[in-house]
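A.B. asks: Pasting coords.cif here (mmCIF, C-alpha atoms):
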```cif
data_query
#
loop_
_atom_site.label_atom_id
_atom_site.label_comp_id
_atom_site.auth_asym_id
_atom_site.auth_seq_id
_atom_site.Cartn_x
_atom_site.Cartn_y
_atom_site.Cartn_z
CA MET U 15 91.96 88.44 78.76
CA GLY U 16 94.57 86.66 76.66
CA PRO U 17 95.97 89.81 75.02
CA GLN U 18 96.31 91.47 78.45
CA LEU U 19 98.55 88.62 79.62
CA VAL U 20 100.98 88.67 76.68
CA GLY U 21 104.49 89.25 78.05
CA TYR U 22 103.41 88.77 81.67
CA HIS U 23 105.65 86.55 83.82
CA ARG U 24 104.06 86.08 87.22
CA PHE U 25 107.32 86.09 89.20
CA GLY U 26 109.31 88.32 86.85
CA LYS U 27 112.88 86.95 86.84
CA LEU U 28 112.53 85.43 90.34
CA ASN U 29 111.52 81.92 91.31
CA ALA U 30 108.37 81.46 93.41
CA THR U 31 110.23 81.26 96.72
CA SER U 32 112.30 84.40 96.10
CA PHE U 33 109.23 86.26 94.89
CA LEU U 34 107.29 85.48 98.06
CA GLU U 35 110.26 86.31 100.29
CA LYS U 36 110.45 89.74 98.67
CA TRP U 37 106.78 90.61 98.20
CA TRP U 38 104.81 88.73 100.88
CA ASN U 39 104.70 90.12 104.43
CA VAL U 40 104.39 87.06 106.66
CA GLU U 41 103.81 89.09 109.84
CA LYS U 42 100.93 91.09 108.36
CA ASN U 43 99.66 88.25 106.14
CA THR U 44 99.44 90.54 103.12
CA TRP U 45 101.42 91.76 100.13
CA ASN U 46 104.13 94.41 100.42
CA TRP U 47 102.21 97.05 98.50
CA PRO U 48 104.11 100.14 97.35
CA ASP U 49 103.83 103.38 99.30
CA LYS U 50 101.55 106.27 98.36
CA GLN U 51 98.79 104.12 96.85
CA GLY U 52 101.17 102.74 94.23
CA TYR U 53 101.65 105.94 92.24
CA VAL U 54 104.97 106.87 90.65
CA LEU U 55 106.61 109.37 93.01
CA ASP U 56 108.24 112.72 92.26
CA GLY U 57 111.71 113.69 93.51
CA ASN U 58 110.26 114.68 96.90
CA GLY U 59 108.47 111.36 97.41
CA ASN U 60 105.00 112.69 96.58
CA PRO U 61 102.60 110.73 94.39
CA ILE U 62 102.24 112.03 90.86
CA LYS U 63 98.48 112.04 90.43
CA SER U 64 95.76 114.43 89.34
CA GLU U 65 92.00 114.70 89.47
CA PHE U 66 90.34 113.35 86.34
CA THR U 67 86.70 112.95 85.35
CA LEU U 68 85.64 109.73 83.65
CA SER U 69 82.83 110.45 81.18
CA PRO U 70 79.69 108.35 80.65
CA GLY U 71 80.41 105.57 78.17
CA THR U 72 84.05 105.19 79.22
CA ARG U 73 85.08 101.54 79.59
CA ILE U 74 87.25 100.67 82.60
CA ASP U 75 88.22 97.40 84.23
CA ARG U 76 89.96 95.71 87.15
CA TYR U 77 91.37 92.39 88.30
CA GLY U 78 90.15 91.59 91.78
CA SER U 79 86.99 91.77 93.82
CA GLU U 80 84.50 94.62 93.90
CA TYR U 81 85.76 95.61 97.33
CA GLY U 82 88.74 97.52 95.94
CA ASN U 83 88.85 101.11 94.74
CA PHE U 84 91.37 100.97 91.90
CA LEU U 85 90.49 100.56 88.23
CA ALA U 86 92.31 101.02 84.92
CA PRO U 87 91.53 101.91 81.32
CA GLU U 88 89.93 98.89 79.68
CA GLY U 89 92.48 96.49 78.23
CA THR U 90 95.55 97.69 80.16
CA PRO U 91 98.10 94.83 80.09
CA TYR U 92 98.36 92.95 83.39
CA ALA U 93 102.12 93.59 83.63
CA LYS U 94 101.42 97.35 83.67
CA ARG U 95 98.88 97.20 86.53
CA GLY U 96 101.14 96.72 89.55
CA LEU U 97 99.23 93.69 90.82
CA PRO U 98 100.38 90.45 92.45
CA PRO U 99 99.74 87.16 90.62
CA VAL U 100 96.92 86.24 93.03
CA ASN U 101 94.63 88.88 91.47
CA LEU U 102 94.26 86.55 88.49
CA VAL U 103 92.49 84.01 90.71
CA GLY U 104 88.77 84.32 91.34
CA ASP U 105 85.47 82.50 91.68
CA TYR U 106 85.26 81.88 87.93
CA PRO U 107 88.65 80.64 86.67
CA GLU U 108 87.73 81.23 83.04
CA SER U 109 87.45 84.99 83.68
CA CYS U 110 90.80 85.29 85.56
CA ASN U 111 89.08 87.50 88.18
CA TYR U 112 88.60 90.14 85.46
CA HIS U 113 85.74 92.63 85.61
CA ASP U 114 84.82 95.18 82.95
CA TYR U 115 82.61 98.22 83.55
CA THR U 116 80.96 101.07 81.68
CA VAL U 117 80.82 104.48 83.36
CA LEU U 118 77.18 105.65 83.56
CA LYS U 119 77.57 109.17 84.97
CA PRO U 120 80.52 111.56 85.35
CA MET U 121 82.90 110.16 87.93
CA LYS U 122 85.82 112.11 89.37
CA VAL U 123 88.88 110.01 90.30
CA TYR U 124 92.57 110.40 90.95
CA SER U 125 94.64 109.28 87.99
CA GLY U 126 98.35 108.60 87.61
CA LYS U 127 100.99 106.11 86.54
CA ILE U 128 101.59 102.99 88.60
CA ALA U 129 105.01 102.51 90.21
CA PRO U 130 106.93 99.35 89.25
CA VAL U 131 106.13 96.57 91.73
CA PHE U 132 105.84 92.77 91.99
CA GLU U 133 108.69 92.30 89.47
CA GLN U 134 106.59 93.91 86.73
CA PRO U 135 107.33 97.06 84.72
CA SER U 136 103.96 98.58 85.70
CA LEU U 137 103.70 102.26 84.59
CA GLY U 138 100.13 101.76 83.40
CA LEU U 139 97.45 104.28 84.31
CA GLN U 140 95.36 103.72 87.43
CA TYR U 141 92.13 105.33 88.54
CA GLU U 142 91.69 105.65 92.30
CA VAL U 143 88.15 106.18 93.55
CA VAL U 144 87.84 108.21 96.77
CA ALA U 145 84.71 109.51 98.48
CA ASP U 146 85.99 113.10 98.66
CA LEU U 147 85.87 113.42 94.86
CA LEU U 148 82.35 112.05 94.36
CA VAL U 149 78.95 113.65 94.71
CA VAL U 150 77.19 111.54 97.33
CA THR U 151 73.41 111.88 97.65
CA PRO U 152 71.35 110.70 100.62
CA LYS U 153 70.17 107.78 98.46
CA ASP U 154 73.81 106.79 97.78
CA GLU U 155 74.38 106.45 101.53
CA GLU U 156 72.21 103.32 101.35
CA CYS U 157 75.10 101.75 99.40
CA GLY U 158 77.33 101.71 102.47
CA ALA U 159 80.06 103.78 104.06
CA THR U 160 83.01 102.47 102.03
CA VAL U 161 83.44 103.76 98.49
CA ASN U 162 84.65 100.89 96.31
CA VAL U 163 83.54 99.25 93.07
CA PHE U 164 80.55 97.61 94.78
CA TRP U 165 79.47 101.06 96.06
CA LEU U 166 79.96 102.62 92.60
CA ARG U 167 77.64 100.03 91.06
CA CYS U 168 75.04 100.50 93.80
CA ALA U 169 75.16 104.30 93.43
CA GLY U 170 74.70 104.10 89.65
CA TYR U 171 78.19 105.20 88.59
CA LEU U 172 79.14 101.89 86.96
CA GLN U 173 77.49 99.01 85.14
CA GLN U 174 79.36 95.71 85.01
CA THR U 175 79.67 94.44 81.43
CA PHE U 176 81.93 91.41 82.02
CA PRO U 177 81.59 88.71 83.20
CA GLY U 178 78.04 89.95 82.73
CA PRO U 179 75.71 92.26 84.63
CA GLN U 180 75.17 90.99 88.15
#
```
What is this structure when it is put down as structure tokens?
C.D. replies:
Amino acid sequence: MGPQLVGYHRFGKLNATSFLEKWWNVEKNTWNWPDKQGYVLDGNGNPIKSEFTLSPGTRIDRYGSEYGNFLAPEGTPYAKRGLPPVNLVGDYPESCNYHDYTVLKPMKVYSGKIAPVFEQPSLGLQYEVVADLLVVTPKDEECGATVNVFWLRCAGYLQQTFPGPQ
């Protein structure tokens, strides 16, 4: 993960207090995430995204739990991901909450650049997984109703390769 953190400054040019005042929503007890799923917006305020098929063998990754539905091309620098500093914290500190996956079967996603957020330049590529783009079989329904990384692993779309198959 070291190379992905080069140039990353967790609060940007702000101090911790100013960062939290700007990006933490006390009333909702959550981060102030950008609108439109975090995509860069066009002049009319619409997300710039397109359908894209990830091929078997493609390596993708994410920082955060398996209960999210956003991934990125493997190795995308953290500062380009549009994530708050807390996503670097997980159950295994040595892995920085990083998870790496190999795509096992064609997987259709939305893809687009990430809007600047959390005092980071962002503009990396994100893959958004949504149920409407996937082929769901009756067997896949056993994986649950919410399509996220956990569901993708259960349904045979992804194999975790780091921190090791689980």
A.B. asks: To one decimal place in Å, what is the distance between atom CA of U:Glu88 and atom CA of U:Ile74?
C.D. replies: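 Taking atom CA of U:Glu88 and atom CA of U:Ile74, their separation equals 4.3 Å.
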A.B. asks: Dump as a tab-separated table (two decimals) with C-alpha atoms, in the frame of the given file all residues having an atom at most 12 Å from (106.2, 100.9, 101.6), computed in the file's coordinates with all atoms listed in the file.
C.D. replies:
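Written out: out-v9.tsv:
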```tsv
chain	number	residue	atom	x	y	z
U	37	TRP	CA	106.78	90.61	98.20
U	39	ASN	CA	104.70	90.12	104.43
U	45	TRP	CA	101.42	91.76	100.13
U	46	ASN	CA	104.13	94.41	100.42
U	47	TRP	CA	102.21	97.05	98.50
U	48	PRO	CA	104.11	100.14	97.35
U	49	ASP	CA	103.83	103.38	99.30
U	50	LYS	CA	101.55	106.27	98.36
U	51	GLN	CA	98.79	104.12	96.85
U	52	GLY	CA	101.17	102.74	94.23
U	53	TYR	CA	101.65	105.94	92.24
U	59	GLY	CA	108.47	111.36	97.41
U	129	ALA	CA	105.01	102.51	90.21
U	131	VAL	CA	106.13	96.57	91.73
```
A.B. asks: If you measure from atom CA of U:Leu147 to atom CA of U:Lys94, what distance in Å do you get, rounded to one decimal?
C.D. replies: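 Computed distance, atom CA of U:Leu147 to atom CA of U:Lys94, equals 25.0 Å.
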A.B. asks: Quick one: everything within 12 Å of U:Leu166, counting all atoms listed in the file, minus sequence neighbours fewer than 2 positions away in the same chain. Send it as a ChimeraX atom specification.
C.D. replies: /U:80-85,115-123,143-145,148-150,154-164,168-174
A.B. asks: Include C-alpha atoms and write out the residues we just selected as an mmCIF file, in the coordinates of the input.
C.D. replies:
```cif
data_model
loop_
_atom_site.group_PDB
_atom_site.id
_atom_site.type_symbol
_atom_site.label_atom_id
_atom_site.label_comp_id
_atom_site.auth_asym_id
_atom_site.auth_seq_id
_atom_site.Cartn_x
_atom_site.Cartn_y
_atom_site.Cartn_z
ATOM 1 C CA GLU U 80 84.500 94.620 93.900
ATOM 2 C CA TYR U 81 85.760 95.610 97.330
ATOM 3 C CA GLY U 82 88.740 97.520 95.940
ATOM 4 C CA ASN U 83 88.850 101.110 94.740
ATOM 5 C CA PHE U 84 91.370 100.970 91.900
ATOM 6 C CA LEU U 85 90.490 100.560 88.230
ATOM 7 C CA TYR U 115 82.610 98.220 83.550
ATOM 8 C CA THR U 116 80.960 101.070 81.680
ATOM 9 C CA VAL U 117 80.820 104.480 83.360
ATOM 10 C CA LEU U 118 77.180 105.650 83.560
ATOM 11 C CA LYS U 119 77.570 109.170 84.970
ATOM 12 C CA PRO U 120 80.520 111.560 85.350
ATOM 13 C CA MET U 121 82.900 110.160 87.930
ATOM 14 C CA LYS U 122 85.820 112.110 89.370
ATOM 15 C CA VAL U 123 88.880 110.010 90.300
ATOM 16 C CA VAL U 143 88.150 106.180 93.550
ATOM 17 C CA VAL U 144 87.840 108.210 96.770
ATOM 18 C CA ALA U 145 84.710 109.510 98.480
ATOM 19 C CA LEU U 148 82.350 112.050 94.360
ATOM 20 C CA VAL U 149 78.950 113.650 94.710
ATOM 21 C CA VAL U 150 77.190 111.540 97.330
ATOM 22 C CA ASP U 154 73.810 106.790 97.780
ATOM 23 C CA GLU U 155 74.380 106.450 101.530
ATOM 24 C CA GLU U 156 72.210 103.320 101.350
ATOM 25 C CA CYS U 157 75.100 101.750 99.400
ATOM 26 C CA GLY U 158 77.330 101.710 102.470
ATOM 27 C CA ALA U 159 80.060 103.780 104.060
ATOM 28 C CA THR U 160 83.010 102.470 102.030
ATOM 29 C CA VAL U 161 83.440 103.760 98.490
ATOM 30 C CA ASN U 162 84.650 100.890 96.310
ATOM 31 C CA VAL U 163 83.540 99.250 93.070
ATOM 32 C CA PHE U 164 80.550 97.610 94.780
ATOM 33 C CA CYS U 168 75.040 100.500 93.800
ATOM 34 C CA ALA U 169 75.160 104.300 93.430
ATOM 35 C CA GLY U 170 74.700 104.100 89.650
ATOM 36 C CA TYR U 171 78.190 105.200 88.590
ATOM 37 C CA LEU U 172 79.140 101.890 86.960
ATOM 38 C CA GLN U 173 77.490 99.010 85.140
ATOM 39 C CA GLN U 174 79.360 95.710 85.010
#
```
A.B. asks: What's the separation between atom CA of U:Glu142 and atom CA of U:Ala86, in Å to one decimal place?
C.D. replies: 8.7 Å
A.B. asks: I'd like to know which of U:Ile128, U:Val100, U:Leu137, U:Ala93 is closest to U:Val20, using all atoms listed in the file.
C.D. replies: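 The shortest atom-to-atom distance to U:Val20 comes from U:Ala93.
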A.B. asks: Taking 4 positions as the minimum chain separation for residues in the same chain, which residues sit within 6 Å of U:His113 when counting only C-alpha atoms? Answer as a PyMOL selection string.
C.D. replies: chain U and resi 75-76+176
A.B. asks: Please put the answer as JSON: centre and edge lengths, in Å with one decimal, of a box along x, y and z that encloses all listed atoms of stretch 55-63 of chain U plus 4 Å on each side.
C.D. replies:
```
{"center_x": 105.1, "center_y": 112.0, "center_z": 93.9, "size_x": 21.2, "size_y": 13.3, "size_z": 15.0}
```
A.B. asks: Going by the chain IDs and residue numbers used in this file, which residues fall under the PyMOL selection byres ((chain U and resi 36) around 12)? Write them as a VMD selection string.
C.D. replies: chain U and resid 25 to 26 28 to 35 37 to 40 44 to 47 98 131 to 133
A.B. asks: Measuring between only C-alpha atoms, which one of U:Gln140, U:Val103, U:Gly89, U:Asp114 shows the shortest distance to U:Gly16?
C.D. replies: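 That would be U:Gly89, the residue with the smallest distance to U:Gly16.
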A.B. asks: Rank nothing, just name the residue among U:Trp165, U:Tyr22, U:Tyr77, U:Tyr124 nearest to U:Leu102, using only C-alpha atoms.
C.D. replies: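 Answer, going by the shortest atom-to-atom distance: U:Tyr77.
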A.B. asks: Identify which of the residues U:Gly78, U:Lys27, U:Asn58, U:Thr151 lies closest to U:Asn111, counting all atoms listed in the file when measuring atom-to-atom distances.
C.D. replies: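 Going through U:Gly78, U:Lys27, U:Asn58, U:Thr151 one by one, the smallest distance to U:Asn111 is for U:Gly78.
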A.B. asks: Could you check which of U:Ser64, U:Met15, U:Arg24, U:Arg167 is closest to U:Tyr112, using all atoms listed in the file?
C.D. replies: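 The closest residue to U:Tyr112 is U:Met15.
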